[in-house]
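J.: Please find data_3.txt (compact mmCIF, C-alpha atoms and all ligand atoms) on the next line:
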```txt
# COMPACT_ATOMS: atom_id res chain seq x y z
CA MET M 191 0.00 0.00 0.00
CA SER M 192 1.29 3.45 -0.86
CA GLU M 193 2.00 5.83 2.00
CA LYS M 194 0.84 8.97 0.22
CA GLU M 195 -1.14 11.09 2.64
CA VAL M 196 -4.65 11.87 1.40
CA LEU M 197 -6.09 13.54 4.49
CA ARG M 198 -4.47 15.07 7.51
CA ILE M 199 -6.34 16.65 10.40
CA GLU M 200 -4.33 18.71 12.83
CA GLU M 201 -5.49 19.78 16.28
CA LEU M 202 -9.11 20.30 15.24
CA ASN M 203 -11.37 22.10 17.72
CA VAL M 204 -15.08 22.34 17.09
CA PHE M 205 -17.69 24.02 19.26
CA TYR M 206 -21.47 24.01 19.12
CA GLY M 207 -22.11 27.11 21.21
CA ALA M 208 -20.70 26.21 24.61
CA ILE M 209 -20.31 22.50 23.74
CA HIS M 210 -16.70 21.63 22.95
CA ALA M 211 -17.41 18.72 20.58
CA LEU M 212 -13.91 18.10 19.17
CA LYS M 213 -11.01 18.76 21.51
CA GLY M 214 -7.90 19.05 19.38
CA ILE M 215 -8.14 15.85 17.35
CA SER M 216 -5.47 14.87 14.83
CA LEU M 217 -5.53 11.98 12.36
CA THR M 218 -4.21 10.92 8.98
CA VAL M 219 -5.60 8.83 6.15
CA ASN M 220 -3.20 7.46 3.55
CA GLU M 221 -4.01 6.64 -0.06
CA GLY M 222 -5.68 3.25 -0.47
CA GLU M 223 -6.53 2.86 3.21
CA ILE M 224 -9.71 2.24 5.11
CA VAL M 225 -9.36 4.21 8.31
CA THR M 226 -12.02 3.79 10.93
CA LEU M 227 -13.08 6.17 13.66
CA ILE M 228 -14.89 4.33 16.42
CA GLY M 229 -16.56 5.66 19.52
CA ALA M 230 -19.73 5.75 21.56
CA ASN M 231 -22.78 7.97 21.04
CA GLY M 232 -21.90 11.64 21.17
CA ALA M 233 -18.13 11.04 20.94
CA GLY M 234 -17.88 13.45 17.99
CA LYS M 235 -17.64 11.03 15.05
CA SER M 236 -20.23 12.74 12.82
CA THR M 237 -18.89 16.14 13.83
CA THR M 238 -15.47 15.07 12.53
CA LEU M 239 -16.92 14.05 9.15
CA ASN M 240 -19.16 17.11 8.91
CA THR M 241 -16.19 19.37 9.61
CA ILE M 242 -14.09 17.68 6.91
CA CYS M 243 -16.99 18.19 4.48
CA GLY M 244 -17.34 21.87 5.30
CA LEU M 245 -20.78 21.52 6.91
CA VAL M 246 -19.42 22.56 10.32
CA LYS M 247 -16.79 25.27 10.75
CA PRO M 248 -13.95 24.51 13.17
CA LYS M 249 -12.80 27.06 15.72
CA SER M 250 -9.17 26.09 15.18
CA GLY M 251 -7.03 23.43 13.58
CA LYS M 252 -6.32 22.40 10.02
CA ILE M 253 -7.73 19.98 7.47
CA ILE M 254 -5.30 19.14 4.67
CA PHE M 255 -6.58 17.17 1.67
CA GLU M 256 -4.00 16.00 -0.88
CA GLY M 257 -1.61 18.65 0.38
CA LYS M 258 -4.13 21.53 0.17
CA ASP M 259 -5.57 23.33 3.16
CA ILE M 260 -9.36 22.92 2.89
CA THR M 261 -10.20 24.25 6.35
CA GLY M 262 -13.22 26.54 6.17
CA LYS M 263 -13.96 25.83 2.49
CA THR M 264 -17.60 25.41 1.47
CA ALA M 265 -19.17 21.95 1.16
CA HIS M 266 -19.63 22.63 -2.56
CA ASP M 267 -15.89 23.28 -3.06
CA ILE M 268 -14.94 20.23 -1.02
CA VAL M 269 -17.09 17.88 -3.14
CA LYS M 270 -15.46 19.43 -6.22
CA MET M 271 -12.03 18.66 -4.81
CA GLY M 272 -12.85 14.94 -4.50
CA ILE M 273 -14.37 14.27 -1.07
CA SER M 274 -17.82 12.79 -0.78
CA GLN M 275 -19.83 11.87 2.30
CA VAL M 276 -22.44 9.18 2.89
CA PRO M 277 -24.24 10.79 5.81
CA GLU M 278 -25.54 9.16 8.97
CA GLY M 279 -29.10 7.91 8.43
CA ARG M 280 -28.54 7.81 4.59
CA ARG M 281 -30.56 11.03 3.92
CA VAL M 282 -31.80 9.97 0.50
CA PHE M 283 -34.38 12.24 -1.11
CA ALA M 284 -37.46 10.17 -0.35
CA ASN M 285 -39.77 11.79 -2.91
CA MET M 286 -37.33 11.48 -5.77
CA SER M 287 -36.60 8.36 -7.78
CA VAL M 288 -33.47 6.26 -7.39
CA LEU M 289 -32.15 7.65 -10.69
CA GLU M 290 -32.85 11.26 -9.67
CA ASN M 291 -30.98 10.69 -6.39
CA LEU M 292 -28.01 9.36 -8.33
CA GLU M 293 -28.14 12.30 -10.73
CA LEU M 294 -27.87 14.64 -7.75
CA GLY M 295 -24.65 12.91 -6.73
CA ALA M 296 -23.12 14.05 -10.01
CA TYR M 297 -24.63 17.54 -10.11
CA LEU M 298 -21.21 19.12 -10.70
CA LEU M 299 -20.55 16.98 -13.75
CA LYS M 300 -21.21 18.53 -17.17
CA ASP M 301 -19.80 15.70 -19.32
CA LYS M 302 -22.78 13.49 -20.30
CA ALA M 303 -20.66 10.57 -21.49
CA GLU M 304 -18.76 10.52 -18.20
CA PHE M 305 -22.08 10.70 -16.32
CA LYS M 306 -23.29 7.61 -18.19
CA ARG M 307 -20.05 5.75 -17.45
CA ARG M 308 -20.37 6.49 -13.74
CA LEU M 309 -24.03 5.50 -13.71
CA ILE M 310 -23.21 2.17 -15.36
CA ARG M 311 -20.46 1.56 -12.78
CA VAL M 312 -22.88 2.30 -9.91
CA PHE M 313 -25.54 0.01 -11.41
CA GLU M 314 -22.94 -2.75 -11.87
CA ARG M 315 -21.90 -2.35 -8.24
CA PHE M 316 -25.51 -2.19 -6.99
CA PRO M 317 -27.70 -4.22 -9.37
CA ARG M 318 -30.65 -3.73 -7.02
CA LEU M 319 -30.54 0.00 -7.73
CA ALA M 320 -30.63 -0.68 -11.46
CA GLU M 321 -33.74 -2.84 -10.99
CA ARG M 322 -35.38 -0.06 -8.99
CA LYS M 323 -34.16 3.03 -10.81
CA GLY M 324 -37.68 4.41 -11.32
CA GLN M 325 -38.84 3.65 -7.77
CA LEU M 326 -39.18 6.40 -5.16
CA ALA M 327 -36.16 6.35 -2.85
CA GLY M 328 -38.41 6.58 0.22
CA SER M 329 -39.96 3.23 -0.66
CA LEU M 330 -36.63 1.36 -0.67
CA SER M 331 -35.65 -0.89 2.23
CA GLY M 332 -33.05 0.33 4.74
CA GLY M 333 -30.28 -1.67 3.09
CA GLU M 334 -31.25 -0.44 -0.39
CA GLN M 335 -31.31 3.14 0.85
CA GLN M 336 -27.79 2.64 2.21
CA MET M 337 -26.74 1.35 -1.22
CA LEU M 338 -28.39 4.37 -2.85
CA ALA M 339 -26.60 6.76 -0.49
CA MET M 340 -23.30 5.05 -1.33
CA GLY M 341 -24.11 5.03 -5.04
CA ARG M 342 -24.97 8.74 -4.90
CA ALA M 343 -21.61 9.47 -3.26
CA LEU M 344 -19.82 7.37 -5.90
CA MET M 345 -21.43 9.40 -8.69
CA SER M 346 -19.05 12.25 -7.84
CA ALA M 347 -16.11 9.81 -8.32
CA PRO M 348 -14.55 10.75 -4.98
CA ARG M 349 -10.92 10.06 -4.13
CA LEU M 350 -11.88 10.09 -0.45
CA MET M 351 -15.21 8.71 0.74
CA LEU M 352 -16.52 9.47 4.22
CA LEU M 353 -18.99 6.91 5.53
CA ASP M 354 -21.02 7.71 8.64
CA GLU M 355 -22.37 4.59 10.35
CA PRO M 356 -23.31 2.59 7.25
CA SER M 357 -24.42 -0.34 9.41
CA MET M 358 -26.92 1.67 11.44
CA GLY M 359 -30.31 -0.01 11.71
CA LEU M 360 -29.49 -2.88 9.35
CA ALA M 361 -29.99 -6.58 10.00
CA PRO M 362 -26.74 -8.57 10.53
CA LEU M 363 -26.79 -10.13 7.04
CA LEU M 364 -27.16 -6.75 5.38
CA VAL M 365 -24.42 -5.31 7.59
CA LYS M 366 -22.11 -8.02 6.24
CA GLU M 367 -23.15 -7.21 2.67
CA ILE M 368 -22.55 -3.47 3.13
CA PHE M 369 -19.13 -4.06 4.72
CA ALA M 370 -18.17 -6.41 1.88
CA ILE M 371 -19.09 -3.65 -0.58
CA ILE M 372 -17.01 -1.09 1.37
CA LYS M 373 -14.03 -3.46 1.25
CA GLU M 374 -14.47 -3.99 -2.49
CA LEU M 375 -14.74 -0.25 -3.17
CA ASN M 376 -11.51 0.22 -1.28
CA GLU M 377 -9.79 -2.59 -3.17
CA GLN M 378 -10.81 -0.86 -6.39
CA GLY M 379 -9.01 2.31 -5.32
CA THR M 380 -11.27 4.47 -3.13
CA THR M 381 -9.72 5.70 0.10
CA ILE M 382 -12.23 5.50 2.94
CA LEU M 383 -12.74 7.15 6.31
CA LEU M 384 -15.32 5.01 8.07
CA VAL M 385 -17.19 6.10 11.18
CA GLU M 386 -18.78 3.24 13.06
CA GLN M 387 -20.24 2.11 16.35
CA ASN M 388 -19.95 -1.47 15.13
CA ALA M 389 -16.29 -1.61 16.11
CA HIS M 390 -16.02 -5.32 15.46
CA MET M 391 -16.97 -5.05 11.78
CA ALA M 392 -15.14 -1.77 11.23
CA LEU M 393 -11.85 -3.04 12.67
CA SER M 394 -12.19 -6.25 10.67
CA ILE M 395 -11.99 -4.38 7.33
CA ALA M 396 -9.93 -1.30 8.28
CA HIS M 397 -6.17 -0.84 8.01
CA LYS M 398 -5.97 1.71 10.79
CA GLY M 399 -8.25 2.90 13.55
CA TYR M 400 -8.81 5.78 15.95
CA VAL M 401 -10.87 5.62 19.11
CA LEU M 402 -12.75 8.80 19.91
CA GLU M 403 -14.07 9.47 23.43
CA THR M 404 -15.95 12.68 24.24
CA GLY M 405 -14.19 14.67 21.55
CA LYS M 406 -10.67 13.31 22.09
CA ILE M 407 -8.69 10.60 20.36
CA VAL M 408 -7.68 8.25 23.14
CA LEU M 409 -6.18 5.40 21.12
CA SER M 410 -4.97 4.80 17.59
CA GLY M 411 -3.02 2.22 15.64
CA PRO M 412 -3.25 -0.59 13.12
CA ALA M 413 -6.78 -2.01 13.14
CA ARG M 414 -5.59 -5.51 14.08
CA GLN M 415 -3.69 -4.16 17.05
CA LEU M 416 -6.68 -2.11 18.20
CA ALA M 417 -8.93 -5.15 17.94
CA GLU M 418 -6.57 -6.92 20.37
CA ASN M 419 -6.27 -3.97 22.75
CA PRO M 420 -7.87 -4.89 26.11
CA GLN M 421 -9.36 -1.39 26.54
CA VAL M 422 -11.01 -1.56 23.10
CA LYS M 423 -12.14 -5.14 23.69
CA GLU M 424 -13.73 -4.22 27.00
CA ALA M 425 -15.43 -1.06 25.78
CA TYR M 426 -16.33 -1.73 22.15
CA LEU M 427 -15.96 -5.39 21.24
CA GLY M 428 -18.27 -7.13 23.66
CA GLY M 429 -15.73 -7.46 26.46
CA VAL M 430 -18.43 -5.64 28.33
CA LYS M 431 -20.18 -8.98 28.68
CA GLY M 432 -18.31 -9.08 31.99
CA GLY M 433 -20.04 -5.81 32.82
CA GLN M 434 -23.37 -7.25 31.75
CA ARG M 435 -22.78 -10.23 33.99
CA ARG M 436 -22.09 -7.93 36.93
CA HIS M 437 -25.17 -5.93 36.00
CA ILE M 438 -27.40 -9.01 35.92
CA LEU M 439 -25.85 -10.51 39.05
CA SER M 440 -26.34 -7.32 40.98
CA LEU M 441 -30.03 -7.38 40.06
CA MET M 442 -30.35 -11.04 40.93
CA VAL M 443 -29.14 -10.61 44.50
CA PRO M 444 -32.27 -8.84 45.80
CA ILE M 445 -34.53 -10.97 43.55
CA LEU M 446 -33.13 -14.19 45.00
CA ALA M 447 -33.30 -12.67 48.44
CA MET M 448 -36.96 -11.82 47.91
CA LYS M 449 -37.69 -15.45 47.13
CA GLN M 450 -36.43 -16.30 50.58
CA ARG M 451 -39.14 -14.64 52.60
CA ARG M 452 -37.85 -16.01 55.83
CA PHE M 453 -34.46 -14.55 54.95
CA ILE M 454 -36.06 -11.12 54.47
CA CYS M 455 -38.02 -11.21 57.72
CA MET M 456 -34.99 -12.24 59.69
CA ASN M 457 -32.49 -9.97 57.95
CA MET M 458 -34.34 -6.75 57.13
CA PRO M 459 -31.28 -4.45 57.47
CA LEU M 460 -29.20 -6.81 55.31
CA PHE M 461 -31.98 -6.94 52.70
CA HIS M 462 -32.08 -3.13 52.53
CA PHE M 463 -28.32 -3.12 52.14
CA LEU M 464 -28.54 -5.58 49.20
CA ILE M 465 -31.07 -3.40 47.40
CA PHE M 466 -28.86 -0.36 47.96
CA TYR M 467 -25.86 -2.34 46.67
CA ALA M 468 -27.73 -3.37 43.51
CA PHE M 469 -28.75 0.23 42.88
CA ILE M 470 -25.20 1.55 43.23
CA ILE M 471 -23.66 -1.15 41.02
CA ASN M 472 -26.23 -0.65 38.27
CA HIS M 473 -25.90 3.11 38.47
CA TYR M 474 -22.14 2.73 38.07
CA PHE M 475 -22.36 0.58 34.97
CA ILE M 476 -25.18 2.45 33.29
CA TYR M 477 -24.38 6.08 33.99
CA VAL M 478 -20.76 6.37 35.07
CA ARG M 479 -19.35 4.08 32.38
CA LYS M 480 -21.25 5.52 29.45
CA TRP M 481 -19.73 3.08 26.99
CA HIS M 482 -22.08 0.49 28.38
CA PHE M 483 -24.87 1.54 25.99
CA SER M 484 -22.71 1.62 22.89
CA SER M 485 -21.28 -1.75 23.79
CA TYR M 486 -24.76 -3.20 23.94
CA LYS M 487 -25.27 -1.79 20.44
CA ALA M 488 -22.03 -3.39 19.27
CA ILE M 489 -23.16 -6.75 20.63
CA TRP M 490 -26.54 -6.54 18.89
CA LEU M 491 -24.89 -5.88 15.53
N1 LIG B 501 -25.94 20.71 15.68
C1 LIG B 501 -25.55 20.54 16.93
N2 LIG B 501 -25.82 21.45 17.89
C2 LIG B 501 -25.40 21.29 19.16
N3 LIG B 501 -24.71 20.22 19.60
C3 LIG B 501 -24.41 19.27 18.71
C4 LIG B 501 -24.82 19.36 17.34
N4 LIG B 501 -24.41 18.26 16.68
C5 LIG B 501 -23.77 17.50 17.61
N5 LIG B 501 -23.78 18.10 18.81
C6 LIG B 501 -23.16 17.60 20.05
O1 LIG B 501 -21.80 17.33 19.78
C7 LIG B 501 -21.40 16.11 20.39
C8 LIG B 501 -20.89 15.15 19.33
O2 LIG B 501 -21.98 14.77 18.48
P1 LIG B 501 -21.79 13.83 17.21
O3 LIG B 501 -23.09 13.81 16.48
O4 LIG B 501 -20.59 14.26 16.47
O5 LIG B 501 -21.51 12.44 17.92
P2 LIG B 501 -21.40 10.99 17.28
O6 LIG B 501 -20.13 10.41 17.79
O7 LIG B 501 -21.59 11.05 15.82
O8 LIG B 501 -22.61 10.23 17.97
P3 LIG B 501 -23.62 9.11 17.39
O9 LIG B 501 -22.89 7.80 17.48
O10 LIG B 501 -24.77 9.16 18.32
O11 LIG B 501 -23.98 9.47 15.98
C9 LIG B 501 -22.61 15.58 21.13
O12 LIG B 501 -22.49 15.98 22.47
C10 LIG B 501 -23.77 16.29 20.46
O13 LIG B 501 -24.84 16.49 21.37
MG MG B 502 -22.99 10.31 14.53
```
Go through the file and emit its structure as structure tokens.

T.:
Amino acid sequence: MSEKEVLRIEELNVFYGAIHALKGISLTVNEGEIVTLIGANGAGKSTTLNTICGLVKPKSGKIIFEGKDITGKTAHDIVKMGISQVPEGRRVFANMSVLENLELGAYLLKDKAEFKRRLIRVFERFPRLAERKGQLAGSLSGGEQQMLAMGRALMSAPRLMLLDEPSMGLAPLLVKEIFAIIKELNEQGTTILLVEQNAHMALSIAHKGYVLETGKIVLSGPARQLAENPQVKEAYLGGVKGGQRRHILSLMVPILAMKQRRFICMNMPLFHFLIFYAFIINHYFIYVRKWHFSSYKAIWL
């Protein structure tokens, strides 16, 4: 794989009013790579992509694409330069046909022959879109809408594709299909920055990964190494099952105790203590260690 740098982010700070959403993050994406950015809800993953795309203006820091400073450029200019985003939740135009959605992806293109070539390539990649080209995008299934959103992004022939949670809301089989497509796109030459909560799948196809926690990058490295990292395993790869066990056990203590009525009558103070203990333990795992929720999500997918 070539080591040519496609994207470099330096010390990016983004605020939404008083909310400091990105706290000086830096990352690089090299040509031909899939780089994944993983993290829990609200970590700042979408903010990172939206800032690269020019939809959100950073307070400080730099975004360098193919050696050019694109910080603060408009979204329109950034698409022109070769970056395209598949947004979170697909955002297809529901009342427009599949074909019209794809046409919008190439709205900057004037060359009709090139437009046709790109359309053929997208239809070859996603035969289901070809079968449904006249159908309203809003009537497509979740997986088909994801394919349409990816097809629309491909219509601008991007050199860097930003994917925001492509697996969101899809059944496990479709998640596999979408990830296989992402891998293929990459093998055919598209560099990809992939944002995911499904850390397991993302790390399985990525070359490199970054872990984002409340606006800061806390870990980074080759994807395989990250997948083996105990912190990542515990927080994002289902290692939390230990936490779930503690969670369930802590709930079971008072339930089992309740079954023993005689135990309760004879040990009222102890029983109250057990309920208090269960409350504290659950509170700790649910609210203090916020990753708990995202890890549940990772396990489901
Ligand atoms: N338009 C906005 N206005 C105000 N705050 C925002 C806005 N967009 C995001 N935020 C806040 O910025 C932080 C990062 O949000 P972001 O959407 O980037 O997280 P995320 O990692 O993509 O989360 P998720 O996995 O839920 O999509 C959150 O605290 C969020 O509430
Ligand atoms: Mg998001």

J.: Identify which of the residues M:Ile215, M:Ala230, M:Leu294, M:Met458 lies closest to ligand LIG 501 (chain B), counting all atoms listed in the file when measuring atom-to-atom distances.

T.: M:Ala230

J.: List all protein, DNA and RNA residues that have at least one atom no more than 12 Å from any atom of ligand LIG 501 (chain B), counting only C-alpha atoms and all ligand atoms, and write them as a PyMOL selection string.

T.: chain M and resi 203-213+227-241+245-247+277-279+353-358+384-389+401-407+481+483-485+487-488

J.: Would you please work out which residue, of M:Lys398, M:Arg198, M:Lys323, M:Lys306, is nearest to M:Met286 when using only C-alpha atoms?

T.: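 Closest residue, counting only C-alpha atoms: M:Lys323.
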
J.: Could you state the separation of atom CA of M:Gly359 and atom CA of M:Arg280 in Å, given to one decimal place?

T.: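 Between these atoms lies a distance of 10.7 Å.
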
J.: Could you check the closest approach to ligand MG 502 (chain B) for each of M:Val276, M:Ala370, M:Leu299, M:Ala320 and tell me which residue wins, using all atoms listed in the file?

T.: M:Val276

J.: Quick check, in Å to one decimal: how far apart do atom CA of M:Gly272 and atom CA of M:Val365 lie?

T.: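 Going from atom CA of M:Gly272 over to atom CA of M:Val365, I get 26.3 Å.
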
J.: Residues near stretch 339-344 of chain M, anyone? I mean within 9 Å using all atoms listed in the file, not counting same-chain ones fewer than 6 positions away, as an MDAnalysis selection string.

T.: chainID M and resid 273:277 280:282 291:296 308:309 312:313 315:316 319 351 353 356

J.: Give me the residues within 8 Å of M:Leu393 as a list in words, counting all atoms listed in the file and dropping any in the same chain fewer than 5 places off.

T.: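 Within the cut-off, the hits are Thr226, Lys398, Gly399, Ala413, Arg414, Leu416 and Ala417 of chain M.
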
J.: Taking into account all atoms listed in the file, which residue in the set M:Ile470, M:Gly332, M:Glu201, M:His390 is nearest to M:Glu424?

T.: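 The answer is M:His390, which sits nearest to M:Glu424.
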
J.: Mind giving me the straight-line distance from atom CA of M:Asp259 to atom CA of M:Phe305 in Å, one decimal?

T.: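 If I compute the distance from atom CA of M:Asp259 to atom CA of M:Phe305, I get 28.5 Å.
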
J.: Compile the contact shell of M:Leu326 as a short mmCIF file (atom, residue, chain, number, x, y, z; two decimals) with C-alpha atoms, in the frame of the given file: residues with an atom at most 7 Å away, counting all atoms listed in the file, same-chain residues fewer than 5 positions apart removed.

T.:
```
data_model
loop_
_atom_site.label_atom_id
_atom_site.label_comp_id
_atom_site.auth_asym_id
_atom_site.auth_seq_id
_atom_site.Cartn_x
_atom_site.Cartn_y
_atom_site.Cartn_z
CA ALA M 284 -37.46 10.17 -0.35
CA ASN M 285 -39.77 11.79 -2.91
CA MET M 286 -37.33 11.48 -5.77
CA SER M 287 -36.60 8.36 -7.78
CA VAL M 288 -33.47 6.26 -7.39
#
```

J.: Mind giving me the axis-aligned box for stretch 301-318 of chain M with 8 Å on every side, centre plus edges in Å to one decimal, as lines of an AutoDock Vina configuration file?

T.:
```
center_x = -24.7
center_y = 5.7
center_z = -14.2
size_x = 27.9
size_y = 35.9
size_z = 30.5
```

J.: For M:Lys263, find every residue with an atom within 9 Å (counting all atoms listed in the file), except residues of its own chain fewer than 5 positions away, and show them as number ranges by chain.

T.: M: 243-244, 247, 268

J.: Compare M:Tyr297, M:Glu223, M:Leu197, M:Gln415 by their minimum atom-to-atom distance to M:Leu375, counting only C-alpha atoms, and give me the closest one.

T.: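 For M:Leu375, the nearest of the given residues is M:Glu223.
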